[in-house]
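Chemist: The file below is final-v3.pdb, PDB, N, CA and C atoms:
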ATOM      1  N   MET V   1      38.026 233.173 189.965
ATOM      2  CA  MET V   1      37.136 232.055 189.724
ATOM      3  C   MET V   1      37.823 231.122 188.719
ATOM      4  N   ALA V   2      37.892 229.843 189.025
ATOM      5  CA  ALA V   2      38.488 228.869 188.120
ATOM      6  C   ALA V   2      37.595 228.703 186.899
ATOM      7  N   GLY V   3      38.224 228.493 185.772
ATOM      8  CA  GLY V   3      37.462 228.342 184.544
ATOM      9  C   GLY V   3      37.445 226.915 184.058
ATOM     10  N   GLU V   4      36.736 226.710 182.985
ATOM     11  CA  GLU V   4      36.635 225.404 182.353
ATOM     12  C   GLU V   4      37.886 225.177 181.500
ATOM     13  N   VAL V   5      38.415 223.949 181.486
ATOM     14  CA  VAL V   5      39.576 223.638 180.671
ATOM     15  C   VAL V   5      39.091 223.127 179.311
ATOM     16  N   VAL V   6      39.495 223.829 178.248
ATOM     17  CA  VAL V   6      39.143 223.454 176.880
ATOM     18  C   VAL V   6      40.442 223.347 176.102
ATOM     19  N   ALA V   7      40.707 222.163 175.545
ATOM     20  CA  ALA V   7      41.928 221.907 174.765
ATOM     21  C   ALA V   7      43.180 222.335 175.528
ATOM     22  N   GLY V   8      43.203 222.068 176.828
ATOM     23  CA  GLY V   8      44.379 222.359 177.628
ATOM     24  C   GLY V   8      44.518 223.814 178.053
ATOM     25  N   VAL V   9      43.514 224.656 177.757
ATOM     26  CA  VAL V   9      43.570 226.073 178.104
ATOM     27  C   VAL V   9      42.424 226.380 179.068
ATOM     28  N   VAL V  10      42.706 227.155 180.105
ATOM     29  CA  VAL V  10      41.656 227.530 181.044
ATOM     30  C   VAL V  10      40.842 228.672 180.436
ATOM     31  N   VAL V  11      39.532 228.449 180.293
ATOM     32  CA  VAL V  11      38.634 229.457 179.752
ATOM     33  C   VAL V  11      37.830 230.024 180.911
ATOM     34  N   HIS V  12      38.029 231.295 181.184
ATOM     35  CA  HIS V  12      37.321 231.958 182.269
ATOM     36  C   HIS V  12      35.935 232.376 181.803
ATOM     37  N   ASN V  13      35.102 232.740 182.720
ATOM     38  CA  ASN V  13      33.756 233.196 182.448
ATOM     39  C   ASN V  13      33.803 234.382 181.471
ATOM     40  N   PRO V  14      33.092 234.310 180.343
ATOM     41  CA  PRO V  14      33.119 235.418 179.377
ATOM     42  C   PRO V  14      32.674 236.749 179.972
ATOM     43  N   SER V  15      31.848 236.720 181.026
ATOM     44  CA  SER V  15      31.390 237.978 181.626
ATOM     45  C   SER V  15      32.521 238.708 182.353
ATOM     46  N   GLU V  16      33.671 238.044 182.502
ATOM     47  CA  GLU V  16      34.835 238.669 183.141
ATOM     48  C   GLU V  16      35.724 239.377 182.131
ATOM     49  N   TRP V  17      35.308 239.414 180.870
ATOM     50  CA  TRP V  17      36.118 239.988 179.793
ATOM     51  C   TRP V  17      35.333 241.065 179.059
ATOM     52  N   LEU V  18      36.059 242.021 178.495
ATOM     53  CA  LEU V  18      35.453 243.124 177.763
ATOM     54  C   LEU V  18      35.968 243.099 176.321
ATOM     55  N   PRO V  19      35.077 242.969 175.336
ATOM     56  CA  PRO V  19      35.522 242.988 173.940
ATOM     57  C   PRO V  19      35.680 244.426 173.453
ATOM     58  N   SER V  20      36.641 244.635 172.560
ATOM     59  CA  SER V  20      36.817 245.959 171.970
ATOM     60  C   SER V  20      37.529 245.829 170.629
ATOM     61  N   SER V  21      37.372 246.856 169.802
ATOM     62  CA  SER V  21      38.091 246.897 168.531
ATOM     63  C   SER V  21      39.560 247.148 168.823
ATOM     64  N   ASP V  22      40.431 246.509 168.058
ATOM     65  CA  ASP V  22      41.868 246.699 168.213
ATOM     66  C   ASP V  22      42.353 247.594 167.082
ATOM     67  N   ARG V  23      42.637 248.820 167.383
ATOM     68  CA  ARG V  23      43.087 249.777 166.376
ATOM     69  C   ARG V  23      44.587 250.046 166.481
ATOM     70  N   SER V  24      45.289 249.234 167.254
ATOM     71  CA  SER V  24      46.715 249.476 167.469
ATOM     72  C   SER V  24      47.541 249.302 166.202
ATOM     73  N   GLY V  25      47.091 248.474 165.282
ATOM     74  CA  GLY V  25      47.843 248.264 164.049
ATOM     75  C   GLY V  25      47.252 248.988 162.862
ATOM     76  N   GLY V  26      46.299 249.852 163.072
ATOM     77  CA  GLY V  26      45.643 250.548 161.977
ATOM     78  C   GLY V  26      44.206 250.087 161.857
ATOM     79  N   GLY V  27      43.621 250.382 160.730
ATOM     80  CA  GLY V  27      42.221 250.046 160.515
ATOM     81  C   GLY V  27      42.030 248.679 159.900
ATOM     82  N   ALA V  28      40.906 248.526 159.271
ATOM     83  CA  ALA V  28      40.557 247.252 158.633
ATOM     84  C   ALA V  28      41.436 247.005 157.409
ATOM     85  N   VAL V  29      41.557 245.742 157.040
ATOM     86  CA  VAL V  29      42.285 245.318 155.843
ATOM     87  C   VAL V  29      41.237 244.858 154.832
ATOM     88  N   VAL V  30      41.380 245.295 153.582
ATOM     89  CA  VAL V  30      40.398 245.001 152.539
ATOM     90  C   VAL V  30      41.067 244.218 151.416
ATOM     91  N   GLU V  31      40.357 243.237 150.870
ATOM     92  CA  GLU V  31      40.829 242.544 149.667
ATOM     93  C   GLU V  31      39.642 242.103 148.834
ATOM     94  N   MET V  32      39.876 241.835 147.561
ATOM     95  CA  MET V  32      38.850 241.346 146.646
ATOM     96  C   MET V  32      39.252 239.965 146.170
ATOM     97  N   GLU V  33      38.232 239.125 145.941
ATOM     98  CA  GLU V  33      38.462 237.783 145.421
ATOM     99  C   GLU V  33      37.450 237.528 144.309
ATOM    100  N   CYS V  34      37.928 237.055 143.177
ATOM    101  CA  CYS V  34      37.051 236.723 142.056
ATOM    102  C   CYS V  34      36.255 235.470 142.416
ATOM    103  N   THR V  35      34.936 235.526 142.229
ATOM    104  CA  THR V  35      34.099 234.367 142.568
ATOM    105  C   THR V  35      34.104 233.319 141.462
ATOM    106  N   SER V  36      34.695 233.624 140.305
ATOM    107  CA  SER V  36      34.792 232.637 139.220
ATOM    108  C   SER V  36      36.056 231.800 139.310
ATOM    109  N   CYS V  37      37.202 232.465 139.504
ATOM    110  CA  CYS V  37      38.475 231.730 139.479
ATOM    111  C   CYS V  37      39.231 231.779 140.805
ATOM    112  N   LEU V  38      38.719 232.545 141.756
ATOM    113  CA  LEU V  38      39.299 232.673 143.095
ATOM    114  C   LEU V  38      40.634 233.409 143.141
ATOM    115  N   GLU V  39      41.034 234.070 142.037
ATOM    116  CA  GLU V  39      42.202 234.957 142.108
ATOM    117  C   GLU V  39      41.850 236.101 143.046
ATOM    118  N   GLY V  40      42.876 236.676 143.672
ATOM    119  CA  GLY V  40      42.606 237.747 144.615
ATOM    120  C   GLY V  40      43.547 238.914 144.470
ATOM    121  N   SER V  41      43.113 240.030 145.008
ATOM    122  CA  SER V  41      43.891 241.263 144.937
ATOM    123  C   SER V  41      45.033 241.297 145.933
ATOM    124  N   GLY V  42      44.913 240.522 146.991
ATOM    125  CA  GLY V  42      45.832 240.657 148.105
ATOM    126  C   GLY V  42      45.322 241.741 149.032
ATOM    127  N   PRO V  43      45.778 241.752 150.275
ATOM    128  CA  PRO V  43      45.270 242.704 151.263
ATOM    129  C   PRO V  43      45.805 244.115 151.037
ATOM    130  N   ALA V  44      44.993 245.103 151.429
ATOM    131  CA  ALA V  44      45.388 246.518 151.361
ATOM    132  C   ALA V  44      44.756 247.253 152.534
ATOM    133  N   ASP V  45      45.342 248.374 152.879
ATOM    134  CA  ASP V  45      44.846 249.160 154.004
ATOM    135  C   ASP V  45      43.573 249.932 153.687
ATOM    136  N   ASP V  46      43.250 250.079 152.421
ATOM    137  CA  ASP V  46      41.974 250.695 152.054
ATOM    138  C   ASP V  46      41.410 249.942 150.856
ATOM    139  N   GLY V  47      40.225 250.290 150.420
ATOM    140  CA  GLY V  47      39.577 249.538 149.356
ATOM    141  C   GLY V  47      39.934 249.965 147.950
ATOM    142  N   THR V  48      40.755 251.000 147.798
ATOM    143  CA  THR V  48      41.058 251.531 146.469
ATOM    144  C   THR V  48      41.814 250.529 145.596
ATOM    145  N   GLU V  49      42.913 249.991 146.101
ATOM    146  CA  GLU V  49      43.702 249.038 145.310
ATOM    147  C   GLU V  49      42.915 247.772 144.974
ATOM    148  N   PRO V  50      42.213 247.154 145.944
ATOM    149  CA  PRO V  50      41.423 245.973 145.597
ATOM    150  C   PRO V  50      40.323 246.266 144.567
ATOM    151  N   ALA V  51      39.680 247.425 144.652
ATOM    152  CA  ALA V  51      38.639 247.783 143.675
ATOM    153  C   ALA V  51      39.250 247.945 142.295
ATOM    154  N   THR V  52      40.390 248.605 142.207
ATOM    155  CA  THR V  52      41.085 248.777 140.920
ATOM    156  C   THR V  52      41.496 247.426 140.358
ATOM    157  N   TRP V  53      41.987 246.540 141.230
ATOM    158  CA  TRP V  53      42.363 245.193 140.803
ATOM    159  C   TRP V  53      41.158 244.476 140.198
ATOM    160  N   SER V  54      39.982 244.583 140.843
ATOM    161  CA  SER V  54      38.792 243.874 140.347
ATOM    162  C   SER V  54      38.387 244.381 138.964
ATOM    163  N   LEU V  55      38.524 245.680 138.718
ATOM    164  CA  LEU V  55      38.181 246.224 137.392
ATOM    165  C   LEU V  55      39.161 245.732 136.334
ATOM    166  N   ARG V  56      40.452 245.707 136.668
ATOM    167  CA  ARG V  56      41.454 245.179 135.718
ATOM    168  C   ARG V  56      41.191 243.696 135.448
ATOM    169  N   HIS V  57      40.899 242.953 136.509
ATOM    170  CA  HIS V  57      40.649 241.519 136.356
ATOM    171  C   HIS V  57      39.414 241.279 135.489
ATOM    172  N   ALA V  58      38.354 242.058 135.715
ATOM    173  CA  ALA V  58      37.125 241.914 134.920
ATOM    174  C   ALA V  58      37.394 242.205 133.449
ATOM    175  N   SER V  59      38.151 243.253 133.160
ATOM    176  CA  SER V  59      38.409 243.594 131.756
ATOM    177  C   SER V  59      39.318 242.569 131.091
ATOM    178  N   ARG V  60      40.219 241.967 131.849
ATOM    179  CA  ARG V  60      41.151 240.973 131.306
ATOM    180  C   ARG V  60      40.497 239.598 131.151
ATOM    181  N   SER V  61      39.626 239.215 132.105
ATOM    182  CA  SER V  61      39.116 237.845 132.144
ATOM    183  C   SER V  61      37.645 237.708 131.758
ATOM    184  N   GLY V  62      36.899 238.808 131.853
ATOM    185  CA  GLY V  62      35.455 238.734 131.638
ATOM    186  C   GLY V  62      34.691 238.302 132.883
ATOM    187  N   HIS V  63      35.392 238.028 133.963
ATOM    188  CA  HIS V  63      34.746 237.657 135.224
ATOM    189  C   HIS V  63      34.177 238.920 135.867
ATOM    190  N   THR V  64      32.951 238.859 136.340
ATOM    191  CA  THR V  64      32.312 240.070 136.864
ATOM    192  C   THR V  64      31.859 239.968 138.318
ATOM    193  N   GLY V  65      32.031 238.830 138.954
ATOM    194  CA  GLY V  65      31.613 238.664 140.354
ATOM    195  C   GLY V  65      32.812 238.659 141.279
ATOM    196  N   PHE V  66      32.722 239.424 142.346
ATOM    197  CA  PHE V  66      33.832 239.534 143.296
ATOM    198  C   PHE V  66      33.314 239.493 144.719
ATOM    199  N   ARG V  67      34.116 238.940 145.579
ATOM    200  CA  ARG V  67      33.835 238.920 147.014
ATOM    201  C   ARG V  67      34.737 239.973 147.650
ATOM    202  N   ARG V  68      34.135 240.932 148.337
ATOM    203  CA  ARG V  68      34.909 241.947 149.056
ATOM    204  C   ARG V  68      35.085 241.442 150.479
ATOM    205  N   ILE V  69      36.327 241.285 150.893
ATOM    206  CA  ILE V  69      36.644 240.740 152.210
ATOM    207  C   ILE V  69      37.242 241.855 153.066
ATOM    208  N   VAL V  70      36.578 242.166 154.163
ATOM    209  CA  VAL V  70      37.052 243.195 155.081
ATOM    210  C   VAL V  70      37.375 242.515 156.406
ATOM    211  N   THR V  71      38.607 242.655 156.839
ATOM    212  CA  THR V  71      39.037 242.062 158.098
ATOM    213  C   THR V  71      39.359 243.177 159.078
ATOM    214  N   ASP V  72      38.658 243.173 160.207
ATOM    215  CA  ASP V  72      39.034 244.107 161.263
ATOM    216  C   ASP V  72      39.509 243.281 162.455
ATOM    217  N   PHE V  73      40.061 243.946 163.428
ATOM    218  CA  PHE V  73      40.727 243.235 164.506
ATOM    219  C   PHE V  73      40.041 243.505 165.836
ATOM    220  N   HIS V  74      40.102 242.524 166.694
ATOM    221  CA  HIS V  74      39.372 242.501 167.954
ATOM    222  C   HIS V  74      40.340 242.136 169.077
ATOM    223  N   ARG V  75      40.119 242.711 170.208
ATOM    224  CA  ARG V  75      40.922 242.377 171.386
ATOM    225  C   ARG V  75      39.987 242.155 172.562
ATOM    226  N   ALA V  76      40.315 241.197 173.388
ATOM    227  CA  ALA V  76      39.561 240.941 174.617
ATOM    228  C   ALA V  76      40.447 241.300 175.793
ATOM    229  N   ALA V  77      39.894 242.032 176.754
ATOM    230  CA  ALA V  77      40.667 242.444 177.931
ATOM    231  C   ALA V  77      39.901 242.028 179.182
ATOM    232  N   PRO V  78      40.617 241.575 180.200
ATOM    233  CA  PRO V  78      39.927 241.211 181.450
ATOM    234  C   PRO V  78      39.389 242.446 182.142
ATOM    235  N   LEU V  79      38.212 242.304 182.742
ATOM    236  CA  LEU V  79      37.650 243.387 183.548
ATOM    237  C   LEU V  79      38.479 243.502 184.817
ATOM    238  N   LEU V  80      38.682 244.695 185.261
ATOM    239  CA  LEU V  80      39.477 244.891 186.486
ATOM    240  C   LEU V  80      38.611 244.943 187.707
TER
END
Can the structure from this file be put into structure tokens for me?

Modeler:
Amino acid sequence: MAGEVVAGVVVHNPSEWLPSSDRSGGGAVVEMECTSCLEGSGPADDGTEPATWSLRHASRSGHTGFRRIVTDFHRAAPLL
């Protein structure tokens, strides 16, 4: 079935695709960001390093609010 052209790309009917988690590169990536100054921990494979970073940052700066950012990955595959 021909799809709709959006920004030069053919977009097929979404019902022809199956969404799934992409675990090929590992699990989710976690990072912390200070909500006062926007400094961040940088990404890590688990939450331990970002949590430790936030405690060090709080004790050094007095900033106590943090945004925990968790990024997981998604893959779409065509139905056969």

Chemist: Pick from V:Ser36, V:His74, V:Ala51, V:Leu80: nearest to V:Ser21, with all atoms listed in the file counted?

Modeler: V:His74

Chemist: DSSP on the backbone, then: every residue of chain V marked helix (DSSP H, G or I), written as number ranges by chain.

Modeler: V: 14-16, 48-61

Chemist: Kindly export the residues of the current selection with N, CA and C atoms, as a PDB file, in the coordinates of the input.

Modeler:
ATOM      1  N   PRO V  14      33.092 234.310 180.343  1.00  0.00           N
ATOM      2  CA  PRO V  14      33.119 235.418 179.377  1.00  0.00           C
ATOM      3  C   PRO V  14      32.674 236.749 179.972  1.00  0.00           C
ATOM      4  N   SER V  15      31.848 236.720 181.026  1.00  0.00           N
ATOM      5  CA  SER V  15      31.390 237.978 181.626  1.00  0.00           C
ATOM      6  C   SER V  15      32.521 238.708 182.353  1.00  0.00           C
ATOM      7  N   GLU V  16      33.671 238.044 182.502  1.00  0.00           N
ATOM      8  CA  GLU V  16      34.835 238.669 183.141  1.00  0.00           C
ATOM      9  C   GLU V  16      35.724 239.377 182.131  1.00  0.00           C
ATOM     10  N   THR V  48      40.755 251.000 147.798  1.00  0.00           N
ATOM     11  CA  THR V  48      41.058 251.531 146.469  1.00  0.00           C
ATOM     12  C   THR V  48      41.814 250.529 145.596  1.00  0.00           C
ATOM     13  N   GLU V  49      42.913 249.991 146.101  1.00  0.00           N
ATOM     14  CA  GLU V  49      43.702 249.038 145.310  1.00  0.00           C
ATOM     15  C   GLU V  49      42.915 247.772 144.974  1.00  0.00           C
ATOM     16  N   PRO V  50      42.213 247.154 145.944  1.00  0.00           N
ATOM     17  CA  PRO V  50      41.423 245.973 145.597  1.00  0.00           C
ATOM     18  C   PRO V  50      40.323 246.266 144.567  1.00  0.00           C
ATOM     19  N   ALA V  51      39.680 247.425 144.652  1.00  0.00           N
ATOM     20  CA  ALA V  51      38.639 247.783 143.675  1.00  0.00           C
ATOM     21  C   ALA V  51      39.250 247.945 142.295  1.00  0.00           C
ATOM     22  N   THR V  52      40.390 248.605 142.207  1.00  0.00           N
ATOM     23  CA  THR V  52      41.085 248.777 140.920  1.00  0.00           C
ATOM     24  C   THR V  52      41.496 247.426 140.358  1.00  0.00           C
ATOM     25  N   TRP V  53      41.987 246.540 141.230  1.00  0.00           N
ATOM     26  CA  TRP V  53      42.363 245.193 140.803  1.00  0.00           C
ATOM     27  C   TRP V  53      41.158 244.476 140.198  1.00  0.00           C
ATOM     28  N   SER V  54      39.982 244.583 140.843  1.00  0.00           N
ATOM     29  CA  SER V  54      38.792 243.874 140.347  1.00  0.00           C
ATOM     30  C   SER V  54      38.387 244.381 138.964  1.00  0.00           C
ATOM     31  N   LEU V  55      38.524 245.680 138.718  1.00  0.00           N
ATOM     32  CA  LEU V  55      38.181 246.224 137.392  1.00  0.00           C
ATOM     33  C   LEU V  55      39.161 245.732 136.334  1.00  0.00           C
ATOM     34  N   ARG V  56      40.452 245.707 136.668  1.00  0.00           N
ATOM     35  CA  ARG V  56      41.454 245.179 135.718  1.00  0.00           C
ATOM     36  C   ARG V  56      41.191 243.696 135.448  1.00  0.00           C
ATOM     37  N   HIS V  57      40.899 242.953 136.509  1.00  0.00           N
ATOM     38  CA  HIS V  57      40.649 241.519 136.356  1.00  0.00           C
ATOM     39  C   HIS V  57      39.414 241.279 135.489  1.00  0.00           C
ATOM     40  N   ALA V  58      38.354 242.058 135.715  1.00  0.00           N
ATOM     41  CA  ALA V  58      37.125 241.914 134.920  1.00  0.00           C
ATOM     42  C   ALA V  58      37.394 242.205 133.449  1.00  0.00           C
ATOM     43  N   SER V  59      38.151 243.253 133.160  1.00  0.00           N
ATOM     44  CA  SER V  59      38.409 243.594 131.756  1.00  0.00           C
ATOM     45  C   SER V  59      39.318 242.569 131.091  1.00  0.00           C
ATOM     46  N   ARG V  60      40.219 241.967 131.849  1.00  0.00           N
ATOM     47  CA  ARG V  60      41.151 240.973 131.306  1.00  0.00           C
ATOM     48  C   ARG V  60      40.497 239.598 131.151  1.00  0.00           C
ATOM     49  N   SER V  61      39.626 239.215 132.105  1.00  0.00           N
ATOM     50  CA  SER V  61      39.116 237.845 132.144  1.00  0.00           C
ATOM     51  C   SER V  61      37.645 237.708 131.758  1.00  0.00           C
TER      52      SER V  61
END

Chemist: Can you work out the spacing between atom CA of V:Arg23 and atom N of V:Ile69 in Å, to one decimal?

Modeler: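 Here the two named atoms are 18.9 Å from each other.
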
Chemist: To one decimal place, how far is atom CA of V:Ala28 from atom N of V:Thr48 in Å?

Modeler: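 About the pair atom CA of V:Ala28 and atom N of V:Thr48: they are 11.5 Å apart.
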
Chemist: How many Å separate atom N of V:Glu31 from atom CA of V:Pro50?

Modeler: 6.0 Å

Chemist: Compare V:Gly40, V:Gly27, V:Pro14, V:Pro78 by their minimum atom-to-atom distance to V:Gly65, counting only C-alpha atoms, and give me the closest one.

Modeler: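 When distances to V:Gly65 are compared using only C-alpha atoms, the smallest one comes from V:Gly40.
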
Chemist: Using DSSP on the backbone coordinates, identify all residues within stretch 7-76 of chain V classified as strand (DSSP E); present the result as number ranges by chain.

Modeler: V: 9-11, 17-21, 29-34, 66-71, 74-76

Chemist: Which is closer to V:Glu39 than all the others in V:Gly25, V:Pro19, V:Leu79, V:His63, using only C-alpha atoms?

Modeler: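 Checking each candidate against V:Glu39, we get V:His63 as the closest.
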
Chemist: Taking all atoms of stretch 16-28 of chain V that the file lists and extending 8 Å past them on each side, where is the centre of the axis-aligned box and how long are its edges? Answer in Å to one decimal, as JSON.

Modeler:
{"center_x": 40.8, "center_y": 244.3, "center_z": 170.3, "size_x": 30.2, "size_y": 28.5, "size_z": 41.7}

Chemist: Which residues come within 8 Å of V:Ser54, counting only C-alpha atoms, excluding same-chain residues fewer than 6 positions away, as a list in words?

Modeler: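 Skipping anything fewer than 6 positions along the chain leaves Met32, Glu33, Cys34, Ser41 and Phe66 of chain V.
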
Chemist: Please save N, CA and C atoms of the selected residues as a short mmCIF file (atom, residue, chain, number, x, y, z; two decimals), in the coordinates of the input.

Modeler:
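File produced: part_25.cif:
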data_model
loop_
_atom_site.label_atom_id
_atom_site.label_comp_id
_atom_site.auth_asym_id
_atom_site.auth_seq_id
_atom_site.Cartn_x
_atom_site.Cartn_y
_atom_site.Cartn_z
N MET V 32 39.88 241.84 147.56
CA MET V 32 38.85 241.35 146.65
C MET V 32 39.25 239.96 146.17
N GLU V 33 38.23 239.12 145.94
CA GLU V 33 38.46 237.78 145.42
C GLU V 33 37.45 237.53 144.31
N CYS V 34 37.93 237.06 143.18
CA CYS V 34 37.05 236.72 142.06
C CYS V 34 36.26 235.47 142.42
N SER V 41 43.11 240.03 145.01
CA SER V 41 43.89 241.26 144.94
C SER V 41 45.03 241.30 145.93
N PHE V 66 32.72 239.42 142.35
CA PHE V 66 33.83 239.53 143.30
C PHE V 66 33.31 239.49 144.72
#

Chemist: Measuring atom to atom with only N, CA and C atoms, identify which of V:Asp72, V:Ala77, V:Ala58, V:Gly42 is nearest to V:Asp22.

Modeler: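 Using only N, CA and C atoms, V:Asp22 sits closest to V:Asp72.
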
Chemist: Can you work out which one of V:Ser20, V:Pro43, V:Ser15, V:Cys37 has the shortest atom-to-atom distance to V:Arg68, counting only C-alpha atoms?

Modeler: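 Counting only C-alpha atoms, the residue closest to V:Arg68 is V:Pro43.
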
Chemist: Nearest to V:Leu18 among V:Asp46, V:Arg75, V:Val30, V:His57, with distances taken over only N, CA and C atoms: which residue is it?

Modeler: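 When distances to V:Leu18 are compared using only N, CA and C atoms, the smallest one comes from V:Arg75.
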